[in-house]
Each structure stands twice: as C-alpha cells, then as structure tokens.
Amino acid sequence: MKIITNTADLAEICAQFAEHDFVTVDTEFLRETTFWPILCLIQIAGPDDECIVDPMADELDLSPFFELMGDESVVKVFHAARQDVEIIHNLGGLIPKPLFDSQVAAMVCGYGDSIAYNMLVSKITGGQIDKSSRFTDWAHRPLTDKQLNYALADVTHLREVYLHLKSSLEKKNRSFWVDEEMKVLTTAETYDLPVEKAWTRLKMRVRKPLDLAVMQSIAQWREQEARDRNVPRGRIIKDDAIYEIAQQHPRDEKALSRMRALPRGFEKSRYSDGLIEAVENALAIPTDELPEVPRPSRSPEGTAAATELLKVLLKVVAEQHGVASKVIATVDELEKIAADDGADVPAMHGWRLELFGKQAVELKRGEIALGFENKKIQVIELD
C-alpha cells in the first residue's frame with residue numbers, strides 16, 4: 001500500500017495517473033465541528049495502481065493532486081461525488097472535469113434510487129466491503145492497516161464498477177443521460193452559494209416583506225460568521241431562531257433575551273451585536289425596496305388527481321426502461337406538469353421528454369391510458 005506524505009512522491013504518482021483514461025477518487029473528511037470540511041485522506045486508483053494521500057502530512061503540498069483533478073484528458077470517477085467535489089473546489093479552487101458519478105450512473109442503469117456504494121459493489125462485482133471502520137476518526141494518526149485498507153477499498157472496487165457502468169451506458173445509448181446530470185455537479189454555485197442567497201436554504205415561514213428582509217439579512221450574517229469562524233451554521237444560531245427573529249425584530253439585548261429559540265445568555269455573547277446590526281439593516285430598507293414574499297401558485301382544479309396518475313405512469317416508464325424514477329422526474333416536477341402541459345422542468349426537456357414527458361402530456365389529454373394487463377400496469381395506446 002502506497003502512503004503519500006510528501007510533495008515529490010505525490011507529483012510522481014499523479015504524473016503516472018495522468019497517463020490513464022480514468023482514475024477513481026474518494027476522500028475521508030470530518031465536518032462535525034467546522035464549516036469547511038477537514039480533509040483527512042485522499043484515495044486514488046488508476047486501472048492497475050492505487051495510493052492513499054495523507055493531506056495532513058507536514059511536508060505535503062496538494063498542488064499535484066489538484067493539477068490531476070483539472071486534467072481534462074482523465075475522467076475522474078467518484079461515488080456520490082458532491083461532498084468530495086465540494087472539498088476539492090474549496091481547497092483547490094477547481095471542479096474535477098470530466099466527472100463521472102457512479103451513483104448517478106447506477107440510477108440510470110436501473111440499480112434503484114441513490115444506491116449505497118457497498119450495495120453497488122456487491123451487485124456488480126460480488127465483492128463485500130467490511131464496513132466496521134466506517135466510523136473512524138480520520139484525523140487521528142496513526143491509522144491502522146485495517147482502516148487504511150477500508151479507505152482504499154472505496155477506490156479499488158470503484159474501478160470495476162466504473163467500467164461495468166460505462167459499458168452498460170454505452171450499450172443502452174445512455175451515456176449522454178449521465179452527462180446531463182453531471183452539469184449540476186460541475187457548476188461552481190452548487191458548492192459555493194453566495195452569502196446573500198443563504199436564506200434560500202431556509203423554509204419559507206414568513207408572510208410579510210419586512211419579515212422576509214429580516215430573515216435574509218440574518219441568514220447572510222450567519223453564513224458569513226460561520227465561514228469566517230469556520231464553525232457550523234447551527235453553532236451561530238439555529239434555523240428556528242432565524243424564523244423567530246424574522247417575526248419579532250429584536251433591536252437590543254433585552255429583546256434578544258426574550259427570544260425562546262436562542263440559548264440562554266446569547267444576548268451577552270460575541271454574536272449579539274452582529275445579530276442586532278443585521279436586524280437593524282433590514283429594518284432600514286425603504287418600504288418600496290423590500291423583497292417580495294414568494295406566493296405559492298394555486299394549482300388548477302384536478303391537479304392533485306392528475307399528479308397521482310402521473311406517478312403511476314412514471315413508475316411504469318421507469319420499470320419498462322430499467323432506470324430509477326428519481327432520475328426521470330421528481331414529485332415536484334410531476335405536480336408542475338399536472339398543472340401545466342408546458343411546464344419548464346427537466347422532465348420536459350431532452351431525453352426525459354422523449355422517455356416520459358410526452359407520454360405525461362398525452363395521458364393528461366386522454367390520448368393514452370393506463371390499464372392492467374398480464375398482472376402489470378401498462379400504457380395503452382388509444383385510437
């Protein structure tokens with residue numbers, strides 16, 4: 001097992017990996033007590049070699065690794081890539097391209113919704129992964145051989161998984177389906193939402209423009225504090241506190257002390273002044289410049305029933321083509337299609353339109369029907 005702890009060795013092995021068509025990659029990290037994940041291990045494998053990189057080693061500069069991640073002649077293969085890519089984006093300022101997410105590919109190939117890595121390995125390779133080390137403190141040194149072998153297995157098995165899924169996608173002419181899904185994973189805003197948009201992570205529990213302005217201001221303040229201090233958002237204030245403050249508009253320590261969602265003594269903490277300032281900033285916004293509260297659109301009568309019908313059609317189509325229904329359409333998309341034949345949702349574009357969207361509209365219009373035949377629900381063409 002190769003353990004890379006210095007920059008020279010990392011540069012040498014990354015140069016070797018760069019000669020391959022693909023590499024499989026995984027990371028181990030901790031983020032329970034920080035805003036930014038603490039990168040503890042990097043596992044990389046090519047078709048016939050593999051290594052573990054220790055990013056916590058004193059003599060290691062990760063620049064060769066980031067150079068490899070940016071090499072567009074090498075496909076970077078991850079499983080459930082989002083958190084791994086987030087770390088690479090935050091530390092290296094880039095997004096690995098081209099990117100292949102085996103979890104997404106597995107859904108397209110009919111392995112169900114969001115299949116776990118160990119289950120996918122078992123189904124494709126017949127191999128078993130010892131999960132006893134999955135709760136390891138990856139920042140602890142030294143790590144045991146058992147822990148390192150567990151970590152390395154995440155990329156060694158992934159080689160065979162990738163080759164199998166790639167072949168399956170090519171045989172079914174579905175490679176471009178996965179390419180479309182990768183666009184989200186390779187978009188920078190997926191990993192670095194601007195602080196002024198932090199409020200979009202919250203549930204819409206306000207009904208007045210002024211309350212929304214306060215919520216937006218507090219969410220932005222909390223996001224910036226969490227990033228600057230490198231602590232989880234909830235360590236600053238919880239979401240429930242934001243909702244309460246957005247409605248109560250506390251402007252001094254005494255008012256803060258009456259907030260039920262804030263911990264006792266918060267008004268004396270280092271965060272209180274910043275929070276009060278955020279509230280004051282929102283209250284100072286002129287009335288005609290306050291944000292508009294999004295209003296849920298009223299669905300046409302019969303939309304709920306149509307949505308249920310589309311759910312059945314989606315299940316039929318997914319089973320017929322051997323693809324996870326989640327990849328084709330979400331419930332939210334079904335509701336929008338039920339309300340509007342021309343809904344601008346992913347299910348009504350590209351390969352999804354051909355696979356499902358057109359039939360969804362035809363079903364709504366009574367041009368096709370669903371029937372029970374040979375112990376299965378099937379789509380019936382109507383004359």
# chains A, B, ... in the order shown; residues from 1 in each chain; ligands from 1
>>> closest_atom_pairs(of="region 161-268 of chain A", to="region 349-358 of chain A", cutoff="10 Å", atoms="only C-alpha atoms", output="JSON lines")
{"residue": "A:Arg174", "atom": "CA", "partner": "A:Trp351", "partner_atom": "CA", "distance": 9.1}
{"residue": "A:Phe176", "atom": "CA", "partner": "A:Trp351", "partner_atom": "CA", "distance": 8.7}
{"residue": "A:Trp177", "atom": "CA", "partner": "A:Trp351", "partner_atom": "CA", "distance": 7.0}
{"residue": "A:Glu180", "atom": "CA", "partner": "A:Gly350", "partner_atom": "CA", "distance": 9.0}
>>> write_last_selection(atoms="C-alpha atoms", output="tab-separated table (two decimals), in the first residue's frame")
chain	number	residue	atom	x	y	z
A	174	ARG	CA	-27.46	6.41	-22.28
A	176	PHE	CA	-25.44	11.41	-22.54
A	177	TRP	CA	-28.11	10.94	-19.86
A	180	GLU	CA	-26.65	15.95	-18.38
>>> residues_around(residues="region 341-344 of chain A", least_positions_apart="4", cutoff="10 Å", atoms="only C-alpha atoms", output="tab-separated table (two decimals) with N, CA and C atoms, in the first residue's frame")
chain	number	residue	atom	x	y	z
A	333	GLU	N	-41.81	18.06	-9.92
A	333	GLU	CA	-41.94	18.20	-11.37
A	333	GLU	C	-43.27	17.63	-11.85
A	334	LEU	N	-43.67	16.50	-11.28
A	334	LEU	CA	-44.96	15.91	-11.66
A	334	LEU	C	-46.10	16.86	-11.36
A	335	GLU	N	-46.04	17.53	-10.21
A	335	GLU	CA	-47.09	18.48	-9.84
A	335	GLU	C	-47.16	19.64	-10.83
A	336	LYS	N	-46.00	20.09	-11.29
A	336	LYS	CA	-45.97	21.20	-12.24
A	336	LYS	C	-46.47	20.77	-13.61
A	337	ILE	N	-46.13	19.54	-14.02
A	337	ILE	CA	-46.64	19.03	-15.29
A	337	ILE	C	-48.15	18.83	-15.21
A	348	MET	N	-39.36	17.71	-18.85
A	348	MET	CA	-39.96	18.12	-20.12
A	348	MET	C	-38.90	18.59	-21.12
A	349	HIS	N	-37.66	18.14	-20.90
A	349	HIS	CA	-36.57	18.51	-21.80
A	349	HIS	C	-35.69	17.30	-22.10
A	357	GLY	N	-41.88	12.72	-20.64
A	357	GLY	CA	-42.65	13.96	-20.73
A	357	GLY	C	-43.77	13.94	-21.74
A	358	LYS	N	-43.48	13.43	-22.95
A	358	LYS	CA	-44.51	13.39	-23.99
A	358	LYS	C	-45.68	12.50	-23.57
A	360	ALA	N	-46.55	11.85	-20.55
A	360	ALA	CA	-47.25	12.50	-19.45
A	360	ALA	C	-48.33	13.44	-19.97
A	361	VAL	N	-47.98	14.23	-20.99
A	361	VAL	CA	-48.95	15.15	-21.58
A	361	VAL	C	-50.05	14.38	-22.30
A	362	GLU	N	-49.68	13.32	-23.00
A	362	GLU	CA	-50.68	12.51	-23.70
A	362	GLU	C	-51.66	11.87	-22.73
A	364	LYS	N	-52.52	13.07	-19.78
A	364	LYS	CA	-53.40	14.13	-19.30
A	364	LYS	C	-54.49	14.45	-20.32
A	365	ARG	N	-54.15	14.41	-21.57
A	365	ARG	CA	-55.10	14.76	-22.63
A	365	ARG	C	-56.02	13.61	-23.04
>>> select_by_dssp(residues="region 263-352 of chain A", states="helix (DSSP H, G or I)", output="number ranges by chain")
A: 266-268, 272-283, 287-289, 303-321, 325-328, 331-339, 346-348, 350-352
>>> residues_around(residues="Lys254 (chain A)", least_positions_apart="4", cutoff="9 Å", atoms="only C-alpha atoms", output="list in words")
Pro250, Arg258 and Glu267 of chain A
>>> closest_residue(among="A:Asn374, A:Ser73, A:Thr200, A:Gln147", to="Pro96 (chain A)", atoms="only C-alpha atoms")
A:Ser73
>>> residues_around(residues="Ala11 (chain A)", least_positions_apart="6", cutoff="9 Å", atoms="only C-alpha atoms", output="mmCIF file with C-alpha atoms, in the first residue's frame")
data_model
loop_
_atom_site.group_PDB
_atom_site.id
_atom_site.type_symbol
_atom_site.label_atom_id
_atom_site.label_comp_id
_atom_site.auth_asym_id
_atom_site.auth_seq_id
_atom_site.Cartn_x
_atom_site.Cartn_y
_atom_site.Cartn_z
ATOM 1 C CA LEU A 62 -1.620 19.120 -2.732
ATOM 2 C CA SER A 63 -0.900 21.080 -5.936
ATOM 3 C CA PRO A 64 -0.048 17.936 -7.985
ATOM 4 C CA PHE A 65 -3.353 16.383 -6.941
#
>>> closest_residue(among="A:Ala324, A:Asn230, A:Asp49, A:Leu68", to="Leu10 (chain A)", atoms="only C-alpha atoms")
A:Leu68
